[in-house]
Structures are given as C-alpha cells and as structure tokens.
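**Q** There's a structure below that I have some questions on.
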Amino acid sequence: MSENDTPEPPAAPRPPSKDPMKGFRGVLSGTLIMEAITVALALPVVAKLGGGGGVTSFTGWTVIAIAAALIVLCGMLKHRWAVPVVLVLQVALIAMAFVLPAIAILGVLFLAAFLWFLWLRRDVARRMAAGTLASQQPQS
C-alpha cells in the first residue's frame, strides 16, 4: 500500500433541506406564550389565596414579572442564553411552592414540557449529525 492509496474520509452528511432547529425555536416560543397566558390567568388565584395584598403583594408582582419575562423570551430564543433563562424561570415558579402551591404546579408541568423539548432537540441534533434525518436522505 503506497501513500497514494489512503482511503478517502467518508463524506459529511448533507444538511437537511429545512433547518429543524428553527422549528424547535417556534415550538418553544409557542409554549412560552401558552405558559405566559396560563401564569397570567393564575393572577385571580394569587388575589384570592396569595395572602394579604392580593395581586399587589410580592407574590402578585412576582407572577406578573415572570409572565412578562416569558413573553419577552419568545423573541430571544435565538440566543444561546435564552433556554437556560427559561429553565431558571421554571425553577422560580416551582420555588413559589412555599408561598402558593398552585403556581408551583404550573412550573412543574411546563418544566417537564421544556425538558422533553430539549431531549427532542438533542435527539434531532444527533440524528442530523449522523445524516439520518428524512430530509437528508436522497430522493428516490
């Protein structure tokens, strides 16, 4: 075997015709909007069960701030720091279990959804790197 007989490295998988990560950001954005609406709809619960002061209490302002942050994050998902911030907001909702357990339940449900989305994103990225996505296969 001479120096000219070296085998060629395998060809890199061709990129998919549509960027699946762009679709992932759309799913996350839609979920963030649904969560913001759900958290905002919990404000009457805060008013009724949130202790003295109702919506104008610390708990009420915290719920309003988290709902607003969720809406703002919808447009920021293209940044690398956005997904960890989303997860931190979920933890903040769960931490409200000491004050208002109903809000914490929302945090647990949406945290589970976001963790599932992140697992799906990892799986799609792995399959895209291996070239096994359906959009990467040759058309027959």
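All residue names refer to the structure tokens as shown: chains lettered A, B, ... in order, residues numbered from 1 in each chain, ligands numbered from 1 in order.
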Contacts of Leu100 in chain A at 12 Å or less, counting only C-alpha atoms, minus same-chain residues fewer than 2 places along, as a list of chain:residue names?
**A** A:Ala42, A:Leu43, A:Val45, A:Val46, A:Ala47, A:Lys48, A:Leu49, A:Gly50, A:Gly51, A:Gly54, A:Phe58, A:Thr59, A:Gly60, A:Thr62, A:Val63, A:Ala92, A:Leu93, A:Ile94, A:Ala95, A:Met96, A:Ala97, A:Phe98, A:Ala102, A:Ile103, A:Ala104, A:Ile105, A:Leu106, A:Gly107
**Q** Which residue out of A:Val55, A:Met34, A:Ala65, A:Val27 has the minimum interatomic distance to Phe117 in chain A when only C-alpha atoms are used?
**A**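 Checking each candidate against Phe117 in chain A, we get A:Val27 as the closest.
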**Q** Between CA of Thr56 in chain A and CA of Thr38 in chain A, what is the spacing in Å?
**A** 18.6 Å
**Q** Report as a PDB file with C-alpha atoms, in the first residue's frame all protein, DNA and RNA residues lying within 9 Å of Ala36 in chain A, evaluated on only C-alpha atoms, omitting residues in the same chain fewer than 3 positions from it.
**A**
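Final output, saved to part-v6.pdb:
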ATOM      1  CA  THR A  31     -45.047  27.061  24.530  1.00  0.00           C
ATOM      2  CA  LEU A  32     -43.689  30.181  26.224  1.00  0.00           C
ATOM      3  CA  ILE A  33     -46.732  32.170  25.070  1.00  0.00           C
ATOM      4  CA  VAL A  39     -49.400  32.124  34.531  1.00  0.00           C
ATOM      5  CA  ALA A  40     -51.304  35.377  33.931  1.00  0.00           C
ATOM      6  CA  LEU A  41     -54.589  33.504  34.340  1.00  0.00           C
ATOM      7  CA  ILE A  66     -42.493  36.003  35.353  1.00  0.00           C
ATOM      8  CA  ALA A  67     -45.360  36.196  32.833  1.00  0.00           C
ATOM      9  CA  ALA A  68     -43.805  39.300  31.257  1.00  0.00           C
ATOM     10  CA  ALA A  69     -40.359  37.649  31.163  1.00  0.00           C
ATOM     11  CA  LEU A  70     -41.832  34.601  29.410  1.00  0.00           C
ATOM     12  CA  ILE A  71     -43.299  36.842  26.708  1.00  0.00           C
TER      13      ILE A  71
END
